[in-house]
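Below is one structure; the comments refer to it alone.
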Amino acid sequence: MTWNIEIERIAGILDGSATVEPGVNVVRGSNWQGKSSFIESVKTALGTSTELTEGADSGAVHLETPTGVYDVTLTRENGTVVRHGEPYLSDEYDVIRAELFACLDERNEVRRAVRTGENLEDVLLRPLDFQNIDSQIETLQREREQIETELTQAREAKKRLPSVQEKVTRLENEIEDLRAKRETIDSEAGSDDSPESVRRQLSQARTEQNQAKNRVERLEQSIERTEQRLSERQDALDALEIPEYNDVADKLSEARESLSQVERDAEVLQSVYSATEMVLSEDRLDLLTEVERDIDGDTVACWTCGSETTRADLADQLDALGNELTALRAQKETYRDTVEELETQREEISQARRRKADLEEDIAELEATLADRKQSLDAARNRLEQAQSDVEQLSDHVDAAVAELSDVESEIKYREAELEDTADELAQLETRAARVDTLETDLETVRDDLAELRNRKDRIKRETREAFDTAMKDILSRFGTGFETARLTADFDIVVARDGQEASLDALSEGELELIGFVAALAGRQSFDVGDAVPLLLVDGLGGLDDDNLHTLTEYLQQGTEYLVFTAYPEYTAFDGREIDPTQWTVANEKEASAD
């Protein structure tokens, strides 16, 4: 169950290897010994990183796992690092899930977003963008329509089974009676003075007459059913209305652009607000400008325009920024609602157009079928007229007994042919009818899949927030934090409570922010089932945690993954697990590393 990795010129490791065991794996070492570089090497093997050693033209990672062997080569081409080979993860959806929720180093976007106080919706829901949900919905809709058509045919076949079975039984009994009647006529007629050839000809002519008559009847019934289906399709086409939403595509494009602009404005304003709030709350105006401290209040020079102002004026301006930020967030929700409404309108138009195209295609096929069957009916009627004429001519050449016998033999052949056709029809109906239960199950499955896809985003949002709340309660029960609780709002903003009141993230310590970042990442990991794609959790950049908290965190993280790999400095006490020694690696300074 071990993972063996060999590294050449990846990040800061020029040459090295290691074994990762199930459970805890800690890379212990001082700065510049390759701890973070080892994490980057594993990420390279996974397919989430391309960190080539600075100045190197190529590098490689060889990974052996219980599920397979993976080789990745990095080359520098035209100033860009290019990946070759087959990494552990090849699907783009799996890669983005692992990058966000399994590779929790300092550059992890979830941890970074928490540290900077950003809204987490984009980063936590980003894997949804790689699932092509709209395309999957269209495919399932086509599959559902196909199953519904087949199910309708199967149910109709099931309804017709009893009558067709009854017809088979009736034909078998009639044939048996006709054969008995033939034997009786043969015994009563004695010798037959009529030429045998005329008798055979009459029998064949009557058989032809009966077959032609049956052919005409079946074609007339088929034409009637086809005309009925054609009428139904035409009525459906006439009743179909394509929604007339004006310029939906242009409006949707404009709404998306407006939403994107508002989101960018909100992000910029949030950055300005957070930075200004931090400067004021920590009383560090002197970092940006000169401060003249008076009894009546501090006077400062604005660091953007140079004009004099006061701390109170800056606080008022900060409040104004906060109001503007609130207004932008409300505007963002309005644009989001508009985008969703326009996307719904576009989908309605698309569905109606697809339905129209399907109906027009069905109508064209039915019209062609109807023309063919009418042509066949004309030919069958001509054949029947010819057969009737032949029977009338031949009947004059045989006596009544021979004629009766010919009639019986002809009727037997006709009934036998009809029985054969009916038996074939019965077999086809039985095959179709047998699929009713399977098709009903398939249809229910497709409908459930469609509902799941349409509600996937809302469900993921709900599950992520629930997972965040659950993990946060677990974390708070293990750590002595300076806040009582933290939660994700419906808009995916983080809200913390301290002393019973809402508090700013800026007031939290570095270690507390790191804990919240891990909780957010683990919530995403659970919501998107990341463990199914990669049973590994990589953790780096925990220098802000003290010894007890680091041990507590690793014990907690170990519960949610098969393999936990993290880095630690030598001053931390021993961990209950495997320690990976970097002293045997050759790092980028060309000197063999030594542990403290």
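Chain labels run A, B, ... following the order of the structure tokens; each chain numbers its residues from 1, and ligands are numbered from 1 in the order shown.
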List as a ChimeraX atom specification the protein and nucleic acid residues near region 211-228 of chain A, meaning an atom at most 10 Å away when only C-alpha atoms are counted, but skip any in the same chain fewer than 4 places from it.
/A:205-207,232-234,366-367,369-388,410-411,413-415,417-418
Could you save the residues just selected, with N, CA, C and O atoms, as a short mmCIF file (atom, residue, chain, number, x, y, z; two decimals), in the first residue's frame?
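So again21.cif came out as:
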```
data_model
loop_
_atom_site.label_atom_id
_atom_site.label_comp_id
_atom_site.auth_asym_id
_atom_site.auth_seq_id
_atom_site.Cartn_x
_atom_site.Cartn_y
_atom_site.Cartn_z
N ALA A 205 -54.23 -20.24 -57.13
CA ALA A 205 -54.88 -18.96 -57.42
C ALA A 205 -55.67 -18.47 -56.21
O ALA A 205 -55.66 -17.27 -55.88
N ARG A 206 -56.37 -19.37 -55.54
CA ARG A 206 -57.14 -18.98 -54.36
C ARG A 206 -56.22 -18.58 -53.20
O ARG A 206 -56.53 -17.67 -52.43
N THR A 207 -55.09 -19.32 -53.11
CA THR A 207 -54.11 -18.92 -52.09
C THR A 207 -53.60 -17.51 -52.36
O THR A 207 -53.49 -16.66 -51.46
N GLU A 232 -51.45 13.40 -35.40
CA GLU A 232 -51.04 13.77 -34.04
C GLU A 232 -49.79 14.63 -34.05
O GLU A 232 -49.68 15.62 -33.33
N ARG A 233 -48.79 14.22 -34.87
CA ARG A 233 -47.55 15.00 -34.93
C ARG A 233 -47.81 16.40 -35.51
O ARG A 233 -47.24 17.38 -35.05
N GLN A 234 -48.68 16.47 -36.53
CA GLN A 234 -48.97 17.77 -37.13
C GLN A 234 -49.70 18.67 -36.14
O GLN A 234 -49.41 19.88 -36.06
N LEU A 366 -42.97 10.13 -41.52
CA LEU A 366 -44.31 9.55 -41.62
C LEU A 366 -44.91 9.80 -43.01
O LEU A 366 -45.60 8.92 -43.56
N GLU A 367 -44.68 10.99 -43.57
CA GLU A 367 -45.20 11.27 -44.90
C GLU A 367 -44.56 10.36 -45.94
O GLU A 367 -45.23 9.86 -46.86
N THR A 369 -43.28 7.38 -45.31
CA THR A 369 -43.81 6.04 -45.05
C THR A 369 -45.22 5.89 -45.62
O THR A 369 -45.57 4.87 -46.23
N LEU A 370 -46.04 6.95 -45.43
CA LEU A 370 -47.42 6.91 -45.92
C LEU A 370 -47.45 6.80 -47.44
O LEU A 370 -48.24 6.02 -48.01
N ALA A 371 -46.59 7.55 -48.12
CA ALA A 371 -46.55 7.48 -49.58
C ALA A 371 -46.14 6.09 -50.06
O ALA A 371 -46.74 5.54 -51.01
N ASP A 372 -45.14 5.51 -49.37
CA ASP A 372 -44.70 4.16 -49.73
C ASP A 372 -45.82 3.13 -49.55
O ASP A 372 -46.03 2.25 -50.41
N ARG A 373 -46.53 3.24 -48.44
CA ARG A 373 -47.58 2.25 -48.16
C ARG A 373 -48.79 2.42 -49.08
O ARG A 373 -49.45 1.44 -49.43
N LYS A 374 -49.09 3.66 -49.46
CA LYS A 374 -50.18 3.85 -50.41
C LYS A 374 -49.82 3.25 -51.77
O LYS A 374 -50.67 2.66 -52.46
N GLN A 375 -48.54 3.42 -52.14
CA GLN A 375 -48.08 2.83 -53.40
C GLN A 375 -48.16 1.30 -53.32
O GLN A 375 -48.57 0.63 -54.27
N SER A 376 -47.75 0.76 -52.16
CA SER A 376 -47.83 -0.69 -51.97
C SER A 376 -49.28 -1.16 -51.99
O SER A 376 -49.60 -2.25 -52.48
N LEU A 377 -50.21 -0.34 -51.45
CA LEU A 377 -51.63 -0.70 -51.44
C LEU A 377 -52.18 -0.78 -52.85
O LEU A 377 -52.96 -1.71 -53.19
N ASP A 378 -51.79 0.16 -53.70
CA ASP A 378 -52.25 0.12 -55.10
C ASP A 378 -51.78 -1.17 -55.77
O ASP A 378 -52.55 -1.84 -56.49
N ALA A 379 -50.52 -1.53 -55.51
CA ALA A 379 -49.99 -2.76 -56.11
C ALA A 379 -50.72 -3.99 -55.57
O ALA A 379 -51.01 -4.94 -56.32
N ALA A 380 -51.03 -3.99 -54.26
CA ALA A 380 -51.72 -5.13 -53.66
C ALA A 380 -53.13 -5.27 -54.21
O ALA A 380 -53.64 -6.38 -54.42
N ARG A 381 -53.83 -4.15 -54.43
CA ARG A 381 -55.18 -4.20 -54.99
C ARG A 381 -55.16 -4.75 -56.43
O ARG A 381 -56.05 -5.53 -56.83
N ASN A 382 -54.16 -4.32 -57.18
CA ASN A 382 -54.03 -4.86 -58.54
C ASN A 382 -53.78 -6.36 -58.51
O ASN A 382 -54.33 -7.13 -59.32
N ARG A 383 -52.94 -6.77 -57.54
CA ARG A 383 -52.65 -8.20 -57.38
C ARG A 383 -53.90 -8.97 -57.01
O ARG A 383 -54.15 -10.08 -57.49
N LEU A 384 -54.74 -8.37 -56.12
CA LEU A 384 -55.98 -9.02 -55.70
C LEU A 384 -56.96 -9.16 -56.88
O LEU A 384 -57.60 -10.22 -57.06
N GLU A 385 -57.09 -8.10 -57.68
CA GLU A 385 -57.97 -8.17 -58.84
C GLU A 385 -57.54 -9.26 -59.82
O GLU A 385 -58.36 -10.03 -60.34
N GLN A 386 -56.22 -9.36 -60.02
CA GLN A 386 -55.71 -10.40 -60.92
C GLN A 386 -55.99 -11.79 -60.36
O GLN A 386 -56.39 -12.71 -61.08
N ALA A 387 -55.78 -11.97 -59.04
CA ALA A 387 -56.02 -13.27 -58.42
C ALA A 387 -57.49 -13.65 -58.50
O ALA A 387 -57.85 -14.81 -58.76
N GLN A 388 -58.39 -12.68 -58.28
CA GLN A 388 -59.84 -12.96 -58.37
C GLN A 388 -60.23 -13.38 -59.79
O GLN A 388 -61.06 -14.28 -59.99
N SER A 410 -56.79 -24.10 -50.12
CA SER A 410 -56.38 -22.70 -50.22
C SER A 410 -56.54 -21.98 -48.88
O SER A 410 -55.68 -21.20 -48.45
N GLU A 411 -57.66 -22.28 -48.23
CA GLU A 411 -57.90 -21.64 -46.94
C GLU A 411 -56.87 -22.09 -45.91
O GLU A 411 -56.42 -21.30 -45.07
N LYS A 413 -53.74 -22.99 -46.52
CA LYS A 413 -52.49 -22.28 -46.78
C LYS A 413 -52.56 -20.83 -46.33
O LYS A 413 -51.61 -20.27 -45.78
N TYR A 414 -53.71 -20.22 -46.57
CA TYR A 414 -53.88 -18.82 -46.16
C TYR A 414 -53.79 -18.69 -44.64
O TYR A 414 -53.09 -17.81 -44.11
N ARG A 415 -54.50 -19.60 -43.95
CA ARG A 415 -54.48 -19.53 -42.47
C ARG A 415 -53.08 -19.83 -41.92
O ARG A 415 -52.65 -19.23 -40.93
N ALA A 417 -50.23 -19.17 -43.41
CA ALA A 417 -49.42 -17.96 -43.62
C ALA A 417 -49.78 -16.88 -42.61
O ALA A 417 -48.92 -16.20 -42.05
N GLU A 418 -51.09 -16.75 -42.37
CA GLU A 418 -51.54 -15.76 -41.39
C GLU A 418 -51.05 -16.11 -39.99
O GLU A 418 -50.65 -15.25 -39.21
#
```
Find the nearest atom pair between each residue of region 472-586 of chain A and region 44-47 of chain A for residues within 12 Å, count only C-alpha atoms, give distances in Å to one decimal, sort rows by chain and ascending number, and present the table as a Markdown table.
```
| residue | atom | partner | partner_atom | distance |
| --- | --- | --- | --- | --- |
| A:Ala533 | CA | A:Leu46 | CA | 10.4 |
| A:Val534 | CA | A:Leu46 | CA | 8.5 |
| A:Pro535 | CA | A:Leu46 | CA | 11.1 |
| A:Leu536 | CA | A:Leu46 | CA | 9.8 |
| A:Leu537 | CA | A:Leu46 | CA | 11.4 |
| A:Leu538 | CA | A:Leu46 | CA | 11.0 |
```
When you count only C-alpha atoms, which of these residues is closest to Ala568 (chain A): A:Arg28, A:Arg487, A:Arg336, A:Arg200?
A:Arg28
Tell me which protein, DNA and RNA residues are within 12 Å of Glu409 (chain A), counting only C-alpha atoms, leaving out same-chain ones fewer than 3 positions away, and put them as a PDB file with N, CA and C atoms, in the first residue's frame.
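Final file, part-v8.pdb:
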```pdb
ATOM      1  N   ILE A 175     -57.134 -23.980 -38.447  1.00  0.00           N
ATOM      2  CA  ILE A 175     -56.332 -24.822 -39.332  1.00  0.00           C
ATOM      3  C   ILE A 175     -56.584 -26.299 -39.045  1.00  0.00           C
ATOM      4  N   GLU A 176     -56.699 -26.624 -37.766  1.00  0.00           N
ATOM      5  CA  GLU A 176     -56.980 -28.020 -37.405  1.00  0.00           C
ATOM      6  C   GLU A 176     -58.343 -28.461 -37.955  1.00  0.00           C
ATOM      7  N   ASP A 177     -59.356 -27.590 -37.863  1.00  0.00           N
ATOM      8  CA  ASP A 177     -60.693 -27.905 -38.382  1.00  0.00           C
ATOM      9  C   ASP A 177     -60.664 -28.044 -39.903  1.00  0.00           C
ATOM     10  N   LEU A 178     -59.921 -27.162 -40.580  1.00  0.00           N
ATOM     11  CA  LEU A 178     -59.845 -27.211 -42.038  1.00  0.00           C
ATOM     12  C   LEU A 178     -59.163 -28.492 -42.522  1.00  0.00           C
ATOM     13  N   ARG A 179     -58.145 -28.942 -41.812  1.00  0.00           N
ATOM     14  CA  ARG A 179     -57.474 -30.185 -42.194  1.00  0.00           C
ATOM     15  C   ARG A 179     -58.408 -31.393 -42.044  1.00  0.00           C
ATOM     16  N   ALA A 180     -59.197 -31.351 -40.988  1.00  0.00           N
ATOM     17  CA  ALA A 180     -60.176 -32.429 -40.800  1.00  0.00           C
ATOM     18  C   ALA A 180     -61.221 -32.414 -41.914  1.00  0.00           C
ATOM     19  N   LYS A 181     -61.632 -31.213 -42.299  1.00  0.00           N
ATOM     20  CA  LYS A 181     -62.613 -31.087 -43.373  1.00  0.00           C
ATOM     21  C   LYS A 181     -62.038 -31.584 -44.703  1.00  0.00           C
ATOM     22  N   ARG A 182     -60.767 -31.308 -44.951  1.00  0.00           N
ATOM     23  CA  ARG A 182     -60.120 -31.775 -46.176  1.00  0.00           C
ATOM     24  C   ARG A 182     -60.107 -33.294 -46.242  1.00  0.00           C
ATOM     25  N   GLU A 183     -59.795 -33.953 -45.132  1.00  0.00           N
ATOM     26  CA  GLU A 183     -59.782 -35.413 -45.103  1.00  0.00           C
ATOM     27  C   GLU A 183     -61.173 -35.980 -45.406  1.00  0.00           C
ATOM     28  N   ILE A 185     -63.573 -34.522 -47.222  1.00  0.00           N
ATOM     29  CA  ILE A 185     -63.880 -34.325 -48.642  1.00  0.00           C
ATOM     30  C   ILE A 185     -63.135 -35.325 -49.509  1.00  0.00           C
ATOM     31  N   ASP A 186     -61.862 -35.590 -49.159  1.00  0.00           N
ATOM     32  CA  ASP A 186     -61.063 -36.553 -49.921  1.00  0.00           C
ATOM     33  C   ASP A 186     -61.704 -37.948 -49.895  1.00  0.00           C
ATOM     34  N   ARG A 199     -56.474 -28.422 -60.882  1.00  0.00           N
ATOM     35  CA  ARG A 199     -56.791 -28.350 -59.452  1.00  0.00           C
ATOM     36  C   ARG A 199     -55.711 -27.604 -58.687  1.00  0.00           C
ATOM     37  N   ARG A 200     -54.459 -27.928 -59.029  1.00  0.00           N
ATOM     38  CA  ARG A 200     -53.358 -27.239 -58.343  1.00  0.00           C
ATOM     39  C   ARG A 200     -53.352 -25.748 -58.674  1.00  0.00           C
ATOM     40  N   GLN A 201     -53.624 -25.459 -59.945  1.00  0.00           N
ATOM     41  CA  GLN A 201     -53.642 -24.055 -60.353  1.00  0.00           C
ATOM     42  C   GLN A 201     -54.730 -23.272 -59.610  1.00  0.00           C
ATOM     43  N   LEU A 202     -55.908 -23.906 -59.482  1.00  0.00           N
ATOM     44  CA  LEU A 202     -57.005 -23.236 -58.774  1.00  0.00           C
ATOM     45  C   LEU A 202     -56.644 -22.996 -57.310  1.00  0.00           C
ATOM     46  N   SER A 203     -56.040 -24.056 -56.718  1.00  0.00           N
ATOM     47  CA  SER A 203     -55.634 -23.921 -55.321  1.00  0.00           C
ATOM     48  C   SER A 203     -54.621 -22.787 -55.145  1.00  0.00           C
ATOM     49  N   GLN A 204     -53.665 -22.723 -56.043  1.00  0.00           N
ATOM     50  CA  GLN A 204     -52.653 -21.664 -55.956  1.00  0.00           C
ATOM     51  C   GLN A 204     -53.271 -20.288 -56.178  1.00  0.00           C
ATOM     52  N   ALA A 205     -54.232 -20.244 -57.134  1.00  0.00           N
ATOM     53  CA  ALA A 205     -54.881 -18.957 -57.415  1.00  0.00           C
ATOM     54  C   ALA A 205     -55.667 -18.466 -56.213  1.00  0.00           C
ATOM     55  N   ARG A 206     -56.368 -19.375 -55.544  1.00  0.00           N
ATOM     56  CA  ARG A 206     -57.139 -18.976 -54.364  1.00  0.00           C
ATOM     57  C   ARG A 206     -56.219 -18.582 -53.201  1.00  0.00           C
ATOM     58  N   THR A 207     -55.087 -19.320 -53.109  1.00  0.00           N
ATOM     59  CA  THR A 207     -54.109 -18.917 -52.088  1.00  0.00           C
ATOM     60  C   THR A 207     -53.598 -17.506 -52.362  1.00  0.00           C
ATOM     61  N   ASN A 210     -56.269 -15.013 -51.394  1.00  0.00           N
ATOM     62  CA  ASN A 210     -56.363 -14.785 -49.950  1.00  0.00           C
ATOM     63  C   ASN A 210     -55.184 -13.958 -49.434  1.00  0.00           C
ATOM     64  N   VAL A 402     -64.232 -30.854 -56.340  1.00  0.00           N
ATOM     65  CA  VAL A 402     -62.847 -30.428 -56.467  1.00  0.00           C
ATOM     66  C   VAL A 402     -62.700 -28.961 -56.066  1.00  0.00           C
ATOM     67  N   ALA A 403     -63.708 -28.185 -56.442  1.00  0.00           N
ATOM     68  CA  ALA A 403     -63.671 -26.758 -56.084  1.00  0.00           C
ATOM     69  C   ALA A 403     -63.700 -26.582 -54.570  1.00  0.00           C
ATOM     70  N   GLU A 404     -64.543 -27.376 -53.913  1.00  0.00           N
ATOM     71  CA  GLU A 404     -64.629 -27.270 -52.458  1.00  0.00           C
ATOM     72  C   GLU A 404     -63.308 -27.667 -51.813  1.00  0.00           C
ATOM     73  N   LEU A 405     -62.710 -28.776 -52.362  1.00  0.00           N
ATOM     74  CA  LEU A 405     -61.431 -29.215 -51.813  1.00  0.00           C
ATOM     75  C   LEU A 405     -60.342 -28.164 -52.035  1.00  0.00           C
ATOM     76  N   SER A 406     -60.394 -27.559 -53.220  1.00  0.00           N
ATOM     77  CA  SER A 406     -59.421 -26.495 -53.505  1.00  0.00           C
ATOM     78  C   SER A 406     -59.610 -25.312 -52.556  1.00  0.00           C
ATOM     79  N   ILE A 412     -56.470 -23.369 -45.971  1.00  0.00           N
ATOM     80  CA  ILE A 412     -55.452 -23.871 -45.043  1.00  0.00           C
ATOM     81  C   ILE A 412     -54.135 -23.115 -45.237  1.00  0.00           C
ATOM     82  N   LYS A 413     -53.738 -22.989 -46.517  1.00  0.00           N
ATOM     83  CA  LYS A 413     -52.487 -22.279 -46.784  1.00  0.00           C
ATOM     84  C   LYS A 413     -52.560 -20.826 -46.332  1.00  0.00           C
ATOM     85  N   TYR A 414     -53.710 -20.217 -46.571  1.00  0.00           N
ATOM     86  CA  TYR A 414     -53.885 -18.821 -46.158  1.00  0.00           C
ATOM     87  C   TYR A 414     -53.788 -18.690 -44.639  1.00  0.00           C
ATOM     88  N   ARG A 415     -54.498 -19.599 -43.945  1.00  0.00           N
ATOM     89  CA  ARG A 415     -54.481 -19.534 -42.472  1.00  0.00           C
ATOM     90  C   ARG A 415     -53.078 -19.830 -41.923  1.00  0.00           C
ATOM     91  N   GLU A 416     -52.366 -20.762 -42.575  1.00  0.00           N
ATOM     92  CA  GLU A 416     -51.008 -21.073 -42.128  1.00  0.00           C
ATOM     93  C   GLU A 416     -50.080 -19.860 -42.299  1.00  0.00           C
TER      94      GLU A 416
END
```
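Taking CA of Phe575 (chain A) and CA of Asp547 (chain A) as the two end points, the separation is 10.4 Å.
When only C-alpha atoms are used to compute distances to Arg170 (chain A), the closest of the residues A:Leu269, A:Ala423, A:Val69, A:Ile147 turns out to be A:Ala423.
Between CA of Arg229 (chain A) and CA of Ala157 (chain A) there is a distance of 16.4 Å.
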What's the 7 Å shell around region 426-438 of chain A, counting only C-alpha atoms, without same-chain residues fewer than 3 positions away, as a PyMOL selection string?
chain A and resi 151+154-155+157-158+161+164-165+422-423+441-442
Contacts of Ala102 (chain A) at 10 Å or less, counting only C-alpha atoms, minus same-chain residues fewer than 4 places along, as a list in words?
Lys43, Val95, Ile96, Arg97, Ala98, Asn108, Ala521, Leu522, Gly524, Arg525, Val530, Gly531, Ala533, Val534, Pro535, Leu536, Leu537, Leu538, Val539, Thr561 and Leu564 of chain A
Taking all heavy atoms for each residue, export the selection above as a compact mmCIF listing (two decimals), in the first residue's frame.
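Listing of again_5.txt after writing:
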```txt
# COMPACT_ATOMS: atom_id res chain seq x y z
N LYS A 43 2.89 16.84 -6.01
CA LYS A 43 1.87 17.52 -6.83
C LYS A 43 2.15 17.35 -8.32
O LYS A 43 1.23 17.20 -9.12
CB LYS A 43 1.82 19.01 -6.46
CG LYS A 43 1.22 19.29 -5.09
CD LYS A 43 1.42 20.73 -4.66
CE LYS A 43 0.83 21.73 -5.61
NZ LYS A 43 1.01 23.12 -5.17
N VAL A 95 -8.30 16.93 -11.54
CA VAL A 95 -7.13 17.78 -11.26
C VAL A 95 -7.54 19.01 -10.46
O VAL A 95 -6.90 19.36 -9.47
CB VAL A 95 -6.45 18.20 -12.59
CG1 VAL A 95 -5.39 19.27 -12.32
CG2 VAL A 95 -5.81 16.99 -13.25
N ILE A 96 -8.61 19.69 -10.87
CA ILE A 96 -9.02 20.90 -10.17
C ILE A 96 -9.51 20.57 -8.76
O ILE A 96 -9.27 21.32 -7.81
CB ILE A 96 -10.10 21.67 -10.97
CG1 ILE A 96 -10.27 23.09 -10.40
CG2 ILE A 96 -11.41 20.95 -10.97
CD1 ILE A 96 -9.07 23.96 -10.54
N ARG A 97 -10.18 19.41 -8.59
CA ARG A 97 -10.61 19.01 -7.24
C ARG A 97 -9.40 18.78 -6.34
O ARG A 97 -9.37 19.25 -5.19
CB ARG A 97 -11.43 17.72 -7.32
CG ARG A 97 -12.84 17.89 -7.83
CD ARG A 97 -13.67 16.65 -7.57
NE ARG A 97 -13.16 15.47 -8.26
CZ ARG A 97 -13.57 14.23 -8.02
NH1 ARG A 97 -14.48 14.01 -7.09
NH2 ARG A 97 -13.06 13.21 -8.69
N ALA A 98 -8.39 18.07 -6.85
CA ALA A 98 -7.20 17.79 -6.05
C ALA A 98 -6.43 19.07 -5.75
O ALA A 98 -5.94 19.27 -4.64
CB ALA A 98 -6.31 16.79 -6.78
N ASN A 108 -2.27 27.16 -1.78
CA ASN A 108 -3.62 26.67 -1.98
C ASN A 108 -4.60 27.85 -2.00
O ASN A 108 -4.59 28.71 -1.11
CB ASN A 108 -3.99 25.70 -0.86
CG ASN A 108 -5.42 25.23 -0.97
OD1 ASN A 108 -6.30 25.80 -0.34
ND2 ASN A 108 -5.66 24.19 -1.75
N ALA A 521 -11.33 24.15 3.14
CA ALA A 521 -10.82 23.20 2.15
C ALA A 521 -11.39 21.80 2.39
O ALA A 521 -11.74 21.08 1.44
CB ALA A 521 -9.30 23.16 2.19
N LEU A 522 -11.48 21.39 3.65
CA LEU A 522 -12.03 20.08 3.96
C LEU A 522 -13.51 20.00 3.64
O LEU A 522 -14.02 18.93 3.26
CB LEU A 522 -11.78 19.74 5.43
CG LEU A 522 -10.30 19.55 5.82
CD1 LEU A 522 -10.18 19.32 7.32
CD2 LEU A 522 -9.69 18.39 5.05
N GLY A 524 -14.94 21.55 1.11
CA GLY A 524 -14.95 21.30 -0.34
C GLY A 524 -14.56 19.88 -0.67
O GLY A 524 -15.12 19.25 -1.57
N ARG A 525 -13.58 19.34 0.07
CA ARG A 525 -13.12 17.96 -0.16
C ARG A 525 -14.27 16.98 0.04
O ARG A 525 -14.45 16.05 -0.75
CB ARG A 525 -11.98 17.66 0.80
CG ARG A 525 -11.41 16.24 0.68
CD ARG A 525 -10.31 16.00 1.72
NE ARG A 525 -9.79 14.65 1.66
CZ ARG A 525 -8.83 14.25 0.85
NH1 ARG A 525 -8.28 15.11 0.03
NH2 ARG A 525 -8.41 13.00 0.85
N VAL A 530 -13.55 14.23 -3.02
CA VAL A 530 -12.18 14.25 -3.54
C VAL A 530 -11.43 12.98 -3.18
O VAL A 530 -10.57 12.52 -3.93
CB VAL A 530 -11.44 15.50 -3.01
CG1 VAL A 530 -10.00 15.53 -3.53
CG2 VAL A 530 -12.17 16.76 -3.44
N GLY A 531 -11.76 12.40 -2.03
CA GLY A 531 -11.08 11.18 -1.62
C GLY A 531 -11.24 10.03 -2.61
O GLY A 531 -10.40 9.13 -2.66
N ALA A 533 -11.01 10.38 -5.80
CA ALA A 533 -10.06 10.61 -6.90
C ALA A 533 -8.62 10.47 -6.44
O ALA A 533 -7.77 9.94 -7.16
CB ALA A 533 -10.28 11.99 -7.51
N VAL A 534 -8.32 10.97 -5.25
CA VAL A 534 -6.94 10.92 -4.74
C VAL A 534 -6.98 10.72 -3.23
O VAL A 534 -7.47 11.58 -2.50
CB VAL A 534 -6.15 12.20 -5.12
CG1 VAL A 534 -6.88 13.45 -4.70
CG2 VAL A 534 -4.76 12.17 -4.53
N PRO A 535 -6.49 9.59 -2.74
CA PRO A 535 -6.56 9.28 -1.30
C PRO A 535 -5.43 9.95 -0.52
O PRO A 535 -4.88 9.36 0.41
CB PRO A 535 -6.44 7.76 -1.27
CG PRO A 535 -5.55 7.46 -2.42
CD PRO A 535 -5.88 8.48 -3.49
N LEU A 536 -5.05 11.15 -0.91
CA LEU A 536 -3.85 11.80 -0.39
C LEU A 536 -4.20 13.22 0.04
O LEU A 536 -5.00 13.90 -0.60
CB LEU A 536 -2.79 11.84 -1.49
CG LEU A 536 -1.37 12.27 -1.11
CD1 LEU A 536 -0.69 11.18 -0.29
CD2 LEU A 536 -0.57 12.55 -2.37
N LEU A 537 -3.57 13.66 1.14
CA LEU A 537 -3.71 15.04 1.59
C LEU A 537 -2.32 15.59 1.82
O LEU A 537 -1.54 15.04 2.62
CB LEU A 537 -4.54 15.08 2.89
CG LEU A 537 -5.18 16.42 3.25
CD1 LEU A 537 -6.12 16.89 2.15
CD2 LEU A 537 -5.95 16.30 4.56
N LEU A 538 -1.97 16.68 1.09
CA LEU A 538 -0.66 17.30 1.19
C LEU A 538 -0.79 18.61 1.95
O LEU A 538 -1.64 19.44 1.61
CB LEU A 538 -0.08 17.57 -0.20
CG LEU A 538 0.06 16.36 -1.14
CD1 LEU A 538 0.54 16.82 -2.50
CD2 LEU A 538 1.03 15.34 -0.54
N VAL A 539 0.03 18.81 2.97
CA VAL A 539 -0.07 20.00 3.82
C VAL A 539 1.32 20.60 3.99
O VAL A 539 2.29 19.89 4.29
CB VAL A 539 -0.67 19.65 5.20
CG1 VAL A 539 -0.78 20.90 6.06
CG2 VAL A 539 -2.04 19.00 5.03
N THR A 561 -8.32 11.04 5.43
CA THR A 561 -7.57 10.63 4.24
C THR A 561 -6.76 9.37 4.55
O THR A 561 -6.42 9.09 5.70
CB THR A 561 -6.63 11.76 3.79
OG1 THR A 561 -5.98 11.37 2.58
CG2 THR A 561 -5.58 12.06 4.84
N LEU A 564 -1.58 11.02 4.66
CA LEU A 564 -1.37 12.42 5.04
C LEU A 564 0.13 12.71 4.98
O LEU A 564 0.93 12.05 5.64
CB LEU A 564 -1.90 12.70 6.46
CG LEU A 564 -1.58 14.08 7.03
CD1 LEU A 564 -2.24 15.18 6.18
CD2 LEU A 564 -2.04 14.19 8.48
```
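Neighbouring residues of Leu140 (chain A) at 9 Å or closer, counting only C-alpha atoms and skipping chain neighbours under 3 positions away, are A:Ser135, A:Gln136, A:Ile137, A:Glu143, A:Arg144, A:Glu145, A:Val446, A:Arg447, A:Asp449, A:Leu450.
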Could you check the closest approach to Lys332 (chain A) for each of A:Asp358, A:Asp94, A:Asp283, A:Glu267 and tell me which residue wins, using only C-alpha atoms?
A:Glu267
Given the choices A:Gly85, A:Glu121, A:Lys251, A:Ser389, which gets closest to Gln209 (chain A) if the distance is worked out from only C-alpha atoms?
A:Ser389
Taking the DSSP assignment computed from this structure's backbone, write out as a ChimeraX atom specification all residues of region 112-358 of chain A that belong to alpha helix (DSSP H).
/A:112-115,121-124,133-189,196-239,248-281,311-358
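Candidate residues A:Thr445, A:Thr485, A:Thr48, A:Thr2 were compared for distance to Gln501 (chain A), and the nearest is A:Thr485, using only C-alpha atoms.
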Between CA of Gly511 (chain A) and CA of Asp548 (chain A), what is the distance, to one decimal in Å?
12.1 Å
